[in-house]
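Chemist: Provided herewith: target39.txt, compact mmCIF, C-alpha atoms and all ligand atoms.
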# COMPACT_ATOMS: atom_id res chain seq x y z
CA MET A 122 243.59 70.86 138.87
CA LYS A 123 243.00 73.71 136.44
CA HIS A 124 243.24 77.28 137.74
CA VAL A 125 241.03 79.63 135.71
CA ILE A 126 240.42 83.35 136.02
CA THR A 127 238.28 84.65 133.16
CA LEU A 128 234.74 83.59 132.28
CA ASN A 129 235.96 82.20 128.96
CA GLU A 130 238.63 80.10 130.65
CA LEU A 131 235.99 78.85 133.08
CA ARG A 132 233.58 77.94 130.24
CA ASP A 133 236.31 76.03 128.39
CA ALA A 134 237.30 74.15 131.52
CA LEU A 135 233.67 73.27 132.32
CA ASP A 136 233.10 71.79 128.84
CA SER A 137 235.26 68.76 129.55
CA LEU A 138 234.00 68.04 133.09
CA PRO A 139 231.80 64.98 133.66
CA ARG A 140 228.48 65.62 135.38
CA PRO A 141 227.02 65.82 137.97
CA LEU A 142 229.08 68.85 138.85
CA GLY A 143 229.51 69.88 142.48
CA PHE A 144 230.39 73.48 143.34
CA VAL A 145 231.98 74.88 146.50
CA PRO A 146 232.04 78.70 146.59
CA THR A 147 234.53 80.15 149.09
CA MET A 148 236.20 83.42 150.01
CA GLY A 149 239.53 81.63 150.48
CA TYR A 150 241.86 81.16 153.45
CA LEU A 151 240.54 77.64 153.55
CA HIS A 152 240.16 75.57 156.70
CA GLU A 153 238.68 72.21 157.64
CA GLY A 154 235.16 73.66 157.36
CA HIS A 155 235.69 74.41 153.65
CA MET A 156 237.45 71.10 153.11
CA SER A 157 234.49 69.20 154.56
CA LEU A 158 232.35 70.86 151.85
CA VAL A 159 234.89 69.89 149.19
CA ARG A 160 234.97 66.28 150.42
CA ARG A 161 231.17 66.08 150.43
CA ALA A 162 231.09 67.59 146.92
CA ALA A 163 233.62 64.98 145.75
CA GLU A 164 231.54 62.17 147.28
CA GLU A 165 228.34 63.33 145.63
CA SER A 166 229.59 64.57 142.23
CA ALA A 167 231.63 63.35 139.25
CA SER A 168 233.54 66.68 139.11
CA VAL A 169 234.17 69.46 141.60
CA VAL A 170 234.64 73.17 140.94
CA ALA A 171 235.63 75.54 143.76
CA SER A 172 235.76 79.32 143.62
CA ILE A 173 237.86 81.70 145.67
CA TYR A 174 236.63 85.28 145.76
CA ALA A 175 236.46 87.63 148.76
CA ASN A 176 233.32 89.33 147.53
CA PRO A 177 233.56 93.06 148.35
CA THR A 178 229.79 93.69 148.11
CA GLN A 179 229.03 91.56 151.16
CA PHE A 180 231.36 93.60 153.38
CA ALA A 181 230.18 96.93 154.81
CA PRO A 182 232.70 99.82 154.56
CA ASP A 183 233.61 99.41 158.27
CA GLU A 184 234.13 95.63 157.98
CA ASP A 185 237.28 93.60 157.37
CA LEU A 186 237.52 93.28 153.55
CA ASP A 187 241.01 94.82 153.46
CA THR A 188 242.38 92.64 156.24
CA TYR A 189 240.43 89.48 155.35
CA PRO A 190 243.07 86.73 155.44
CA ARG A 191 244.32 85.51 152.06
CA ASP A 192 246.72 82.74 151.00
CA ILE A 193 245.96 81.66 147.45
CA PRO A 194 248.99 79.31 147.01
CA ARG A 195 248.04 77.43 150.18
CA ASP A 196 244.35 77.33 149.18
CA LYS A 197 245.24 75.96 145.75
CA ALA A 198 247.44 73.24 147.23
CA MET A 199 244.64 72.19 149.60
CA LEU A 200 242.04 72.08 146.81
CA LYS A 201 244.36 70.13 144.51
CA GLU A 202 245.12 67.62 147.25
CA ALA A 203 241.37 67.17 147.83
CA GLY A 204 240.82 66.31 144.15
CA VAL A 205 239.13 69.53 142.96
CA ASP A 206 239.05 69.63 139.14
CA VAL A 207 238.83 73.38 138.56
CA VAL A 208 239.46 76.35 140.83
CA TRP A 209 238.01 79.64 139.62
CA ILE A 210 239.62 82.76 141.10
CA PRO A 211 237.93 85.72 139.41
CA THR A 212 238.96 89.34 139.82
CA THR A 213 236.64 92.15 140.83
CA GLU A 214 236.83 93.55 137.26
CA ILE A 215 235.30 90.25 136.12
CA MET A 216 232.65 90.00 138.84
CA TYR A 217 231.68 93.69 138.96
CA PRO A 218 232.74 95.38 135.73
CA GLU A 219 232.74 99.18 135.52
CA GLY A 220 229.18 100.55 135.75
CA TYR A 221 227.84 97.47 137.55
CA GLN A 222 224.29 98.06 138.87
CA THR A 223 222.33 94.81 139.04
CA TRP A 224 221.45 93.19 142.36
CA VAL A 225 219.64 90.13 143.65
CA THR A 226 217.71 90.75 146.84
CA VAL A 227 215.91 88.14 148.91
CA GLU A 228 213.35 90.11 150.81
CA VAL A 229 212.16 88.48 154.03
CA VAL A 230 214.60 85.91 155.42
CA THR A 231 217.39 88.46 155.05
CA GLN A 232 215.78 90.86 157.56
CA PRO A 233 216.43 89.40 161.05
CA LEU A 234 219.63 88.18 162.74
CA GLU A 235 222.72 88.94 160.63
CA GLY A 236 220.65 91.02 158.22
CA ALA A 237 219.50 93.34 161.02
CA ARG A 238 223.12 94.04 162.01
CA ARG A 239 224.66 93.92 158.52
CA PRO A 240 221.97 95.53 156.33
CA THR A 241 223.85 95.28 153.01
CA HIS A 242 225.43 91.87 153.61
CA PHE A 243 222.87 89.50 152.09
CA ARG A 244 222.32 91.60 148.97
CA GLY A 245 226.04 91.10 148.33
CA VAL A 246 225.87 87.38 149.11
CA SER A 247 222.80 86.60 146.99
CA THR A 248 224.13 88.68 144.09
CA VAL A 249 227.54 87.03 144.03
CA VAL A 250 226.13 83.53 144.55
CA ALA A 251 223.70 84.10 141.63
CA LYS A 252 226.61 85.27 139.47
CA LEU A 253 228.73 82.28 140.51
CA PHE A 254 225.81 79.91 139.80
CA ASN A 255 225.26 81.51 136.35
CA ALA A 256 228.91 81.03 135.46
CA VAL A 257 229.52 77.56 136.92
CA ARG A 258 226.05 76.05 136.31
CA PRO A 259 226.56 73.29 138.90
CA ASP A 260 224.15 70.46 139.66
CA LYS A 261 224.80 70.77 143.39
CA ALA A 262 226.28 73.54 145.50
CA PHE A 263 227.69 73.05 148.99
CA PHE A 264 227.36 75.54 151.85
CA GLY A 265 228.19 75.33 155.57
CA GLN A 266 225.61 75.37 158.37
CA LYS A 267 228.01 77.74 160.21
CA ASP A 268 226.42 80.56 158.15
CA ALA A 269 222.91 79.33 158.94
CA GLN A 270 221.08 82.40 157.64
CA GLN A 271 223.17 82.46 154.46
CA ALA A 272 222.12 78.84 153.80
CA VAL A 273 218.44 79.80 154.22
CA VAL A 274 218.87 82.84 151.94
CA VAL A 275 220.68 80.84 149.24
CA LYS A 276 218.03 78.09 149.32
CA ARG A 277 215.25 80.71 148.98
CA MET A 278 217.04 82.45 146.09
CA THR A 279 217.75 79.15 144.30
CA GLN A 280 214.08 78.20 144.50
CA ASP A 281 212.76 81.67 143.64
CA LEU A 282 215.03 82.10 140.60
CA SER A 283 214.41 78.50 139.41
CA TYR A 284 218.05 77.46 139.41
CA PRO A 285 218.21 73.70 138.72
CA ILE A 286 220.72 73.34 141.56
CA GLU A 287 220.47 71.27 144.72
CA ILE A 288 221.73 73.17 147.76
CA VAL A 289 223.52 70.88 150.20
CA VAL A 290 224.09 72.28 153.69
CA CYS A 291 226.95 70.58 155.57
CA PRO A 292 227.42 70.44 159.36
CA ILE A 293 229.59 72.94 161.26
CA GLU A 294 233.21 71.83 161.65
CA ARG A 295 234.69 72.62 165.05
CA GLU A 296 238.16 72.75 166.58
CA GLU A 297 238.76 70.06 169.23
CA ASP A 298 237.90 72.63 171.91
CA GLY A 299 234.53 73.37 170.27
CA LEU A 300 235.30 76.67 168.50
CA ALA A 301 233.44 76.74 165.17
CA MET A 302 235.95 76.89 162.32
CA SER A 303 236.17 80.27 160.61
CA SER A 304 238.78 82.11 158.59
CA ARG A 305 238.35 84.94 161.11
CA ASN A 306 239.57 82.74 164.02
CA THR A 307 243.05 83.70 162.88
CA TYR A 308 242.41 87.21 164.31
CA LEU A 309 242.04 85.80 167.87
CA ASN A 310 244.89 85.85 170.36
CA GLU A 311 245.12 83.06 172.95
CA GLU A 312 243.04 84.89 175.59
CA GLU A 313 240.38 85.77 173.03
CA HIS A 314 240.35 82.18 171.76
CA GLN A 315 239.59 80.99 175.31
CA ALA A 316 236.80 83.57 175.68
CA ALA A 317 235.41 82.55 172.26
CA LEU A 318 234.82 79.02 173.56
CA SER A 319 231.84 80.46 175.46
CA LEU A 320 229.88 80.53 172.19
CA SER A 321 229.94 76.78 171.59
CA GLN A 322 229.74 76.10 175.33
CA GLY A 323 226.59 78.24 175.59
CA LEU A 324 225.04 76.34 172.69
CA LYS A 325 225.95 73.00 174.30
CA LEU A 326 224.35 74.09 177.58
CA ALA A 327 221.17 75.07 175.70
CA GLN A 328 221.21 71.71 173.91
CA THR A 329 221.57 69.83 177.20
CA ALA A 330 218.68 71.82 178.69
CA PHE A 331 216.56 71.14 175.57
CA GLN A 332 217.35 67.43 175.81
CA SER A 333 216.28 67.51 179.48
CA GLY A 334 212.92 69.00 178.50
CA GLU A 335 213.47 72.80 178.50
CA ARG A 336 211.30 74.14 175.67
CA ASP A 337 210.85 77.82 176.53
CA ALA A 338 212.49 80.05 173.91
CA ASP A 339 213.39 82.74 176.44
CA ALA A 340 214.97 80.23 178.81
CA LEU A 341 217.03 78.70 175.98
CA ARG A 342 218.22 82.16 174.83
CA GLN A 343 219.08 83.11 178.42
CA ILE A 344 221.29 80.04 178.94
CA VAL A 345 223.45 81.12 176.01
CA ILE A 346 223.44 84.80 177.04
CA ASP A 347 224.58 83.93 180.57
CA ARG A 348 227.46 81.74 179.39
CA VAL A 349 228.75 84.29 176.86
CA ASN A 350 228.37 87.23 179.25
CA ALA A 351 230.36 85.37 181.91
CA GLU A 352 233.48 86.16 179.83
CA GLU A 353 235.08 89.59 180.16
CA LEU A 354 236.36 89.74 176.59
CA THR A 355 233.00 89.06 174.93
CA ASP A 356 230.51 91.64 173.72
CA LEU A 357 227.28 89.90 172.77
CA GLN A 358 225.41 91.33 169.76
CA TYR A 359 222.45 88.97 169.80
CA VAL A 360 221.24 85.53 170.74
CA SER A 361 218.23 84.32 168.78
CA CYS A 362 215.91 81.36 169.11
CA ALA A 363 214.18 81.27 165.75
CA HIS A 364 212.33 78.94 163.40
CA PRO A 365 215.07 77.08 161.46
CA SER A 366 213.63 77.82 158.01
CA THR A 367 211.52 81.01 158.33
CA LEU A 368 213.98 82.54 160.84
CA GLU A 369 211.04 84.08 162.70
CA GLU A 370 211.91 84.73 166.33
CA LEU A 371 210.07 82.28 168.61
CA GLU A 372 208.32 82.89 171.91
CA GLY A 373 206.94 80.36 174.42
CA ASP A 374 207.43 76.63 173.94
CA VAL A 375 209.31 75.52 170.85
CA GLU A 376 209.33 72.15 169.11
CA THR A 377 212.43 72.87 167.10
CA CYS A 378 214.57 75.98 166.82
CA LEU A 379 217.75 77.50 165.47
CA ILE A 380 219.72 79.11 168.28
CA SER A 381 222.17 81.52 166.71
CA MET A 382 224.33 84.38 167.89
CA ALA A 383 226.92 86.97 167.00
CA VAL A 384 229.54 87.99 169.53
CA PHE A 385 232.48 90.36 169.39
CA VAL A 386 235.53 88.85 171.04
CA GLY A 387 237.91 91.77 171.13
CA GLN A 388 237.68 93.25 167.63
CA THR A 389 236.63 89.95 166.03
CA ARG A 390 232.99 89.26 165.25
CA LEU A 391 232.14 85.57 165.55
CA ILE A 392 228.92 83.69 164.78
CA ASP A 393 227.79 80.24 165.82
CA ASN A 394 224.57 78.26 165.96
CA ILE A 395 222.83 74.97 166.69
CA VAL A 396 219.54 73.48 165.55
CA LEU A 397 217.56 71.88 168.37
O1 LIG B 401 230.26 81.75 152.80
C1 LIG B 401 231.08 82.35 152.09
O2 LIG B 401 232.27 82.08 152.11
C2 LIG B 401 230.59 83.47 151.16
O3 LIG B 401 229.55 84.17 151.75
C3 LIG B 401 230.21 82.98 149.76
C4 LIG B 401 229.06 81.99 149.80
C5 LIG B 401 231.42 82.32 149.11
C6 LIG B 401 229.78 84.17 148.90
O4 LIG B 401 230.79 85.12 148.80
Give the structure from the file, written as structure tokens.
Modeler:
Amino acid sequence: MKHVITLNELRDALDSLPRPLGFVPTMGYLHEGHMSLVRRAAEESASVVASIYANPTQFAPDEDLDTYPRDIPRDKAMLKEAGVDVVWIPTTEIMYPEGYQTWVTVEVVTQPLEGARRPTHFRGVSTVVAKLFNAVRPDKAFFGQKDAQQAVVVKRMTQDLSYPIEIVVCPIEREEDGLAMSSRNTYLNEEEHQAALSLSQGLKLAQTAFQSGERDADALRQIVIDRVNAEELTDLQYVSCAHPSTLEELEGDVETCLISMAVFVGQTRLIDNIVL
């Protein structure tokens, strides 16, 4: 596996890679969720490029950029073991050189849910993903369903900016106890970890109700709210029952929906979702 830093090194490394090229962008501190994207990329592509970059523009000043977990040697070993051909680990000087002032904004699907609580987040995500796409020029790029709104935003941007890239969204990877895998799970102590199980348990309860015929958006939201609020250590930010691709909040009977939520467990903000 080649480790490249600069854009020139990346270009040279890309020249010799057979196509189709699969790309897995990450912010590092890799876990099974990332590795499932890498495995899928390897299955569906002749070469795989991964990037590791904790993109500062998608963190608000009061968020956890400074404490975001990092372990580049471990990440590199995991990517190498999984058969990645090139890992690109750019610096902020490369991604946002002095005087940087160009942004990609996706206007509508960025407004609700995470966008309503993190107003600058998706501008940072769509800008960095566009820059990563421009540099790597993959045929396919792999994202996790865990960040459901991010997947919708990236698909919209890819279509709107005419990138010839197929966006592949891979299922959420969970711990055995149901907790959705996230680099931020490392912040949780044992008690918080137990409380955090209420997210996936709430979603499971909503799924069971849906499978038994419950179709009312309010009732589905309430099932999740009740389960999460039953825990003392949780502080629910939102539970949404929205259209899976427009992300419009739904009322009344639903045929299909994305139930998603953000919850503080102690100081740690967790998200999770399910499509019914
Ligand atoms: O999902 C992530 O890890 C990040 O948002 C991404 C897509 C790598 C952009 O920084």
Chemist: Identify the residues within 12 Å of coordinate (233.2, 98.6, 160.6) (same frame as the file), considering all atoms listed in the file, and give the answer as a PyMOL selection string.
Modeler: chain A and resi 180-188+238-239+388-390
Chemist: Dump the neighbourhood of ligand LIG 401 (chain B) as an mmCIF file with C-alpha atoms, keeping the file's coordinate frame: all residues within 6 Å, distances computed on only C-alpha atoms and all ligand atoms.
Modeler:
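What landed in part_0.cif:
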data_model
loop_
_atom_site.group_PDB
_atom_site.id
_atom_site.type_symbol
_atom_site.label_atom_id
_atom_site.label_comp_id
_atom_site.auth_asym_id
_atom_site.auth_seq_id
_atom_site.Cartn_x
_atom_site.Cartn_y
_atom_site.Cartn_z
ATOM 1 C CA PRO A 146 232.040 78.700 146.590
ATOM 2 C CA THR A 147 234.530 80.150 149.090
ATOM 3 C CA MET A 148 236.200 83.420 150.010
ATOM 4 C CA ASN A 176 233.320 89.330 147.530
ATOM 5 C CA VAL A 246 225.870 87.380 149.110
ATOM 6 C CA VAL A 250 226.130 83.530 144.550
#
Chemist: Tell me which of A:Arg244, A:Lys276, A:His314, A:Arg258 sits closest to Gly387 of chain A, counting only C-alpha atoms.
Modeler: A:His314
Chemist: For each of A:Thr377, A:Val386, A:Glu297, A:Thr329, take the minimum atom-to-atom distance to Ala316 of chain A, counting all atoms listed in the file, then give the residue where this is smallest.
Modeler: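 Looking at the shortest contact to Ala316 of chain A, the residue is A:Val386.
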Chemist: Using Å and a single decimal, report how far atom CA of Arg305 of chain A sits from atom CA of Pro177 of chain A.
Modeler: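 So the answer is 15.9 Å.
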Chemist: Excluding segment 251-253 of chain A and residues on its chain fewer than 4 positions from it, collect all residues at most 12 Å away from it, counting only C-alpha atoms, and give them as a ChimeraX atom specification.
Modeler: /A:128,131,144-147,170-174,176,209-211,215-217,223-227,243-247,257-259,262,274-284,286
Chemist: Would you mind telling me which residue in A:Gly204, A:Ser304, A:Asn310, A:Ser157 lies nearest to Ala175 of chain A when using all atoms listed in the file?
Modeler: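 Answer, going by the shortest atom-to-atom distance: A:Ser304.
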Chemist: Choose the residue, out of A:Gly220, A:Glu235, A:Met122, A:Leu138, that has the smallest atom-to-atom separation from Lys197 of chain A; count all atoms listed in the file.
Modeler: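 Going through A:Gly220, A:Glu235, A:Met122, A:Leu138 one by one, the smallest distance to Lys197 of chain A is for A:Met122.
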Chemist: With all atoms listed in the file as the basis for distance, which of A:Ile392, A:Val205, A:Val249, A:Val229 is at the shortest distance from Val273 of chain A?
Modeler: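 Using all atoms listed in the file, the shortest distance to Val273 of chain A belongs to A:Val229.
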Chemist: If we draw a sphere of 12 Å around (217.6, 87.9, 159.1), which residues have at least one atom in it when counting all atoms listed in the file? Please report them as number ranges by chain.
Modeler: A: 227-244, 268-274, 359, 361, 363-370, 381-382
Chemist: How far is it from atom CA of Thr178 of chain A to atom CA of Val396 of chain A, in Å with one decimal?
Modeler: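 Separation between atom CA of Thr178 of chain A and atom CA of Val396 of chain A: 28.6 Å.
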Chemist: So, counting only C-alpha atoms, which residue among A:Leu341, A:Thr127, A:Val360, A:Glu353 is closest to Thr213 of chain A?
Modeler: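 When distances to Thr213 of chain A are compared using only C-alpha atoms, the smallest one comes from A:Thr127.
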Chemist: Determine the axis-aligned bounding box of all atoms of segment 194-206 of chain A present in the file, pad each side by 3 Å, and express its centre and edge lengths in Å to one decimal place as AutoDock Vina command-line options.
Modeler:
--center_x 244.0 --center_y 72.8 --center_z 144.7 --size_x 15.9 --size_y 19.0 --size_z 17.0
Chemist: Do you have the atom CA of Val375 of chain A-atom CA of Arg342 of chain A distance handy?
Modeler: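 If I compute the distance from atom CA of Val375 of chain A to atom CA of Arg342 of chain A, I get 11.8 Å.
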